[in-house]
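See structure below.
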Amino acid sequence: MRSTQVASLVAAAMLLAGCGQGLLGDGGAAQQDDKAPIKLGMLVPQSGSEAAIGPYMTNAAQLAVDEINAKGGVLGRQLELKAADDACDAQTAVAAANKVVTEGVDVSIGGYCSGATLPTLPVFGKANIPMIIPAANSQELVDQKLKHVFLINGTGTQQAEAATKWITKQGATKVALMHDNTSYSKDIAVRTQPLLGDKAVITEAVTPKESDYSANIANILDKKADFVYWTGYFQEGGLIIRQLRQAGYKGSIMVADGSVSPKLGEIAGAEADGVFATMTPIPDTLPDAKGWIDAYTKKFGSAPGPYSNQAYDAVRLAAEAITKAGSTDGAKVISALEGINGFSMFSGPLKFTPEHTLSAGGFQILVWKGDKFALQDALS
Amino acid sequence: MTQLVWNGLFVGSFYALVALGYSMVYGIIKLLNFAHGDLYMLGAFTGFAVLSALGGVPAAMTLPVLLGVLLLTMVSTGLAGVVLERVAYRPLRGAPRLSLLITAVGASFALEYGMRAGAGPDPRVYPVRLSGTSIEVLGARLTLQQLVLIGVAVVLMVGLHLLVTRSREGRAMRAIALDPRTSALMGIDVNAVISRTFFLGSALAGAAGVMAGAYYGKIDFLMGFLIGLKAFTAAVIGGIGNIPGTMLGGLVLGLLESFGTYWLGGEWRDVFAFGVLILFLTVRPTGLLGERVTERV
């Protein structure tokens, strides 16, 4: 008896709270049209295994927001960034998505872990909020064919194709693929393997957050691989490169875009020299990005990291679409995004394919030289 | 094959070093200190801070400097362990064991995210690194640095073993493990001995942290989580509460992982390791060298 009473009380309280929020939210929306800030929601991992990435993305987004606000904002209104933690975890991400939707965001510009971004698609979809996804790039995001979802990073399929092109060009005959079992990393490895055919001699999976990969490396050396392609993130990537070389591996090493970070070289040390990477265009390889890197470094006291530039572009793209649409209405912004043609991003001029992925500015090959990645081959 | 054995022994010696703290704390107050892995992380970060403060280290001095840093770090993580016990565990000494366990999990998160707030979420790279020439022994490649690290681990473990079996302090620890109340009646300062046990265990975890930092190079605030679980597994395999057993458990776990990866593939490495944990808990909960324990109710 007692427990049912408590339960119904709790339920009633939750209903009340829900209604309250709804009413308040509506009231806010009615007033907000002329002067209230335009809110951009951003879900990124701030805790959990990928916590290191969150600040790179929110800082860069904040930089773009501040720049746009300094120039008078969008439609005469200021932009406001509402960042929330998705912890790279599906359940946390859905809760965070609901939170930013309740806060009344107009466009979502987040999404790093594919596994955490996928379940948030319907949440934003129901609220009619367009999503510009800066980093998450699993093919599954595209396969749902949702109208409000736009990807401004190349997909796993495109990356696998680029990797295969380069591996073939290098004349490798025995390729070892290594992934870390996450949705992003496995996606690339699994898509690369059939493209390579007989040349792929072994696929090794590792556990993120371990320090010692000597057992996996022993297997790769056993198969006499002459090319290793690591598709996971830089933290493990750096260790793997170092341990491969220390174990006497002489062949080529290539990493995927999750590993493209200055930290990769720091972790691997001198052994990083000559390591290739598949990557969408990044600030370091663009001649005119130095000013941007300096501005970021000055503001936040450290250099931009992985996906800083995509997050920065996502904010600018959202601002552009809202300006074009002349309104923050979801449907209008979506058609404005579909109509974008030649908008300048770090990865090149932007035009969306019918699937809402990048039509150009795909992957290129970088090489680690001295203390940073430099362009090796544009693969065009 | 020799390479697999060597890899396993090398990783295993780290596990053993961390597992000892788990095992000692469990032995004395029957607490699974889930924050223990984070003391390893704390050690790695302390070493990083000290080395960064020192600035450049000449190549010839790398080893002596690292050993000095190792000692300094052991003292500071040891003290951190003492504080942890005083703040988080002692107030709950009389409480049901479940609350202690939950507190340990809380302490673990507090340490992890406290470090993240303090040092930032980015992984850090050790300014001084052990890297060098490798030598071939019976078909396995091993480096001098690996040998030095294993040597340090062995010295620490033997030292601990002598301390526990030969000294008055060790006798007090064993007495408390057997029966805390009677020990108190016999004039042993139970709280002080438990504090010192935490000091020793935490210092060893800190040492392992610095060694991992100097060898692998990369440290981050979550690095203690997985090794904490592995150390727990090692302790269970060898016999939790039993010091030689725990050392053996660490080495066995290292070898299991090395061979598991070879036989089953990398994605099965942890499945294999933790599967063995379950197997031991069901078939032989006292571990390889554990004695039969009768629970007093």
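Identifiers in this document derive from the order of the structure tokens: chains are assigned A, B, ..., residues are numbered from 1 separately in each chain, and ligands are numbered from 1 in order of occurrence.
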
Write out as number ranges by chain the residues lying within 10 Å of Thr278 (chain A), counting only C-alpha atoms and excluding same-chain residues fewer than 6 positions away.
A: 159-163, 166, 229, 231, 254-260, 362-367, 377

With a distance cut-off of 9 Å and only C-alpha atoms, select the neighbouring residues of Val206 (chain A), excluding the residue or stretch itself and same-chain residues fewer than 4 positions from it, and output the selection as a VMD selection string.
(chain A and resid 178 to 181 210 213 216 236) or (chain B and resid 265 to 269)

Can you work out which residues from chain B touch chain A at a cut-off of 10 Å (counting only C-alpha atoms) and hand them back as number ranges by chain?
B: 1, 3-8, 10-11, 113, 116, 120-127, 129, 131-134, 140-143, 212-213, 215-227, 255, 257-263, 265-270

Extract the full set of helix (DSSP H, G or I) residues from region 69-268 of chain B according to DSSP on the backbone, and format it as a VMD selection string.
chain B and resid 69 to 92 97 to 119 144 to 166 168 to 178 180 to 185 190 to 216 223 to 238 243 to 264 266 to 268

Using only C-alpha atoms, determine which residues lie at most 8 Å from region 14-30 of chain B, disregarding the query and same-chain residues fewer than 6 positions distant; provide the list as a ChimeraX atom specification.
/B:36-37,40,153,157,173-174,176-178,194,197-198,200-202,204-205,208,212,227-228,230-232,234-235,240-243,246-251,253-254

Residues near Thr92 (chain A), cut-off 12 Å, only C-alpha atoms, skip fewer than 3 positions along chain, as an MDAnalysis selection string
chainID A and resid 43:48 84:89 95:99 115:117 119:120

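Each of A:Pro194, A:Phe373, A:Val65, A:Ala36 was checked against Asp273 (chain A) using only C-alpha atoms; the smallest atom-to-atom distance is that of A:Phe373.
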
Lys369 (chain A): which residues within 10 Å, counting only C-alpha atoms, same-chain residues fewer than 4 positions away excluded, as a list in words?
Gly265, Ala270, Ala272, Asp273, Gly274, Val275, Phe276, Phe373, Ala374 and Leu375 of chain A

Which residues, written as a list in words, have at least one atom at most 10 Å from Ala175 (chain B), with only C-alpha atoms counted and residues fewer than 4 positions away on the same chain left out?
Ile28, Glu169, Gly170, Arg171, Asp179, Pro180, Arg181, Thr182, Ser183, Ala184, Met186, Ile188 and Val190 of chain B

Those same residues, written as a PDB file, in the first residue's frame with N, CA and C atoms?
ATOM      1  N   ILE B  28      43.792  -7.927   5.320  1.00  0.00           N
ATOM      2  CA  ILE B  28      43.744  -7.369   6.662  1.00  0.00           C
ATOM      3  C   ILE B  28      42.351  -6.886   7.070  1.00  0.00           C
ATOM      4  N   GLU B 169      56.208  -5.566  12.534  1.00  0.00           N
ATOM      5  CA  GLU B 169      55.108  -4.927  11.810  1.00  0.00           C
ATOM      6  C   GLU B 169      54.280  -5.978  11.058  1.00  0.00           C
ATOM      7  N   GLY B 170      55.013  -6.856  10.373  1.00  0.00           N
ATOM      8  CA  GLY B 170      54.353  -7.885   9.588  1.00  0.00           C
ATOM      9  C   GLY B 170      53.573  -8.827  10.485  1.00  0.00           C
ATOM     10  N   ARG B 171      54.168  -9.118  11.657  1.00  0.00           N
ATOM     11  CA  ARG B 171      53.477 -10.014  12.580  1.00  0.00           C
ATOM     12  C   ARG B 171      52.162  -9.380  13.041  1.00  0.00           C
ATOM     13  N   ASP B 179      42.442 -11.898  13.519  1.00  0.00           N
ATOM     14  CA  ASP B 179      41.393 -11.512  14.458  1.00  0.00           C
ATOM     15  C   ASP B 179      41.651 -10.106  15.007  1.00  0.00           C
ATOM     16  N   PRO B 180      40.992  -9.109  14.429  1.00  0.00           N
ATOM     17  CA  PRO B 180      41.281  -7.732  14.807  1.00  0.00           C
ATOM     18  C   PRO B 180      41.001  -7.455  16.288  1.00  0.00           C
ATOM     19  N   ARG B 181      39.916  -8.006  16.816  1.00  0.00           N
ATOM     20  CA  ARG B 181      39.564  -7.637  18.182  1.00  0.00           C
ATOM     21  C   ARG B 181      40.579  -8.168  19.185  1.00  0.00           C
ATOM     22  N   THR B 182      40.944  -9.447  19.029  1.00  0.00           N
ATOM     23  CA  THR B 182      41.934 -10.012  19.938  1.00  0.00           C
ATOM     24  C   THR B 182      43.254  -9.270  19.826  1.00  0.00           C
ATOM     25  N   SER B 183      43.627  -8.896  18.578  1.00  0.00           N
ATOM     26  CA  SER B 183      44.875  -8.160  18.388  1.00  0.00           C
ATOM     27  C   SER B 183      44.839  -6.869  19.185  1.00  0.00           C
ATOM     28  N   ALA B 184      43.706  -6.188  19.136  1.00  0.00           N
ATOM     29  CA  ALA B 184      43.578  -4.938  19.877  1.00  0.00           C
ATOM     30  C   ALA B 184      43.729  -5.207  21.370  1.00  0.00           C
ATOM     31  N   MET B 186      45.436  -7.481  22.700  1.00  0.00           N
ATOM     32  CA  MET B 186      46.835  -7.823  22.987  1.00  0.00           C
ATOM     33  C   MET B 186      47.743  -6.596  22.890  1.00  0.00           C
ATOM     34  N   ILE B 188      47.888  -4.266  20.248  1.00  0.00           N
ATOM     35  CA  ILE B 188      48.290  -3.780  18.922  1.00  0.00           C
ATOM     36  C   ILE B 188      47.407  -2.584  18.562  1.00  0.00           C
ATOM     37  N   VAL B 190      45.501  -1.200  16.204  1.00  0.00           N
ATOM     38  CA  VAL B 190      44.938  -1.731  14.958  1.00  0.00           C
ATOM     39  C   VAL B 190      44.881  -0.663  13.874  1.00  0.00           C
TER      40      VAL B 190
END

Which residues come within 9 Å of Ser183 (chain A), counting only C-alpha atoms, excluding same-chain residues fewer than 2 positions away, as JSON, numbers by chain?
{"A": [113, 114, 115, 138, 180, 181, 185, 186, 187, 188]}

Just the selected residues (C-alpha atoms), exported as a compact mmCIF listing (two decimals), in the first residue's frame, please.
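Output saved as selection12.txt:
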# COMPACT_ATOMS: atom_id res chain seq x y z
CA CYS A 113 30.88 8.75 -30.98
CA SER A 114 28.72 7.05 -33.58
CA GLY A 115 27.31 4.62 -31.02
CA SER A 138 29.45 5.48 -39.09
CA ASP A 180 39.61 -1.31 -31.03
CA ASN A 181 36.11 -2.85 -31.23
CA SER A 185 36.91 1.83 -35.57
CA LYS A 186 35.47 -1.56 -36.41
CA ASP A 187 33.35 0.01 -39.16
CA ILE A 188 36.46 1.12 -41.04

How many Å separate CA of Gly209 (chain B) from CA of Ser108 (chain B)?
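Separation between CA of Gly209 (chain B) and CA of Ser108 (chain B): 15.6 Å.
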
Interatomic distance, CA of Gly339 (chain A) to CA of Pro306 (chain A) (Å, one decimal):
28.0 Å

Top pick for closest residue to Ala104 (chain B), considering B:Ala119, B:Val164, B:Leu84, B:Val65 and counting only C-alpha atoms:
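When distances to Ala104 (chain B) are compared using only C-alpha atoms, the smallest one comes from B:Leu84.
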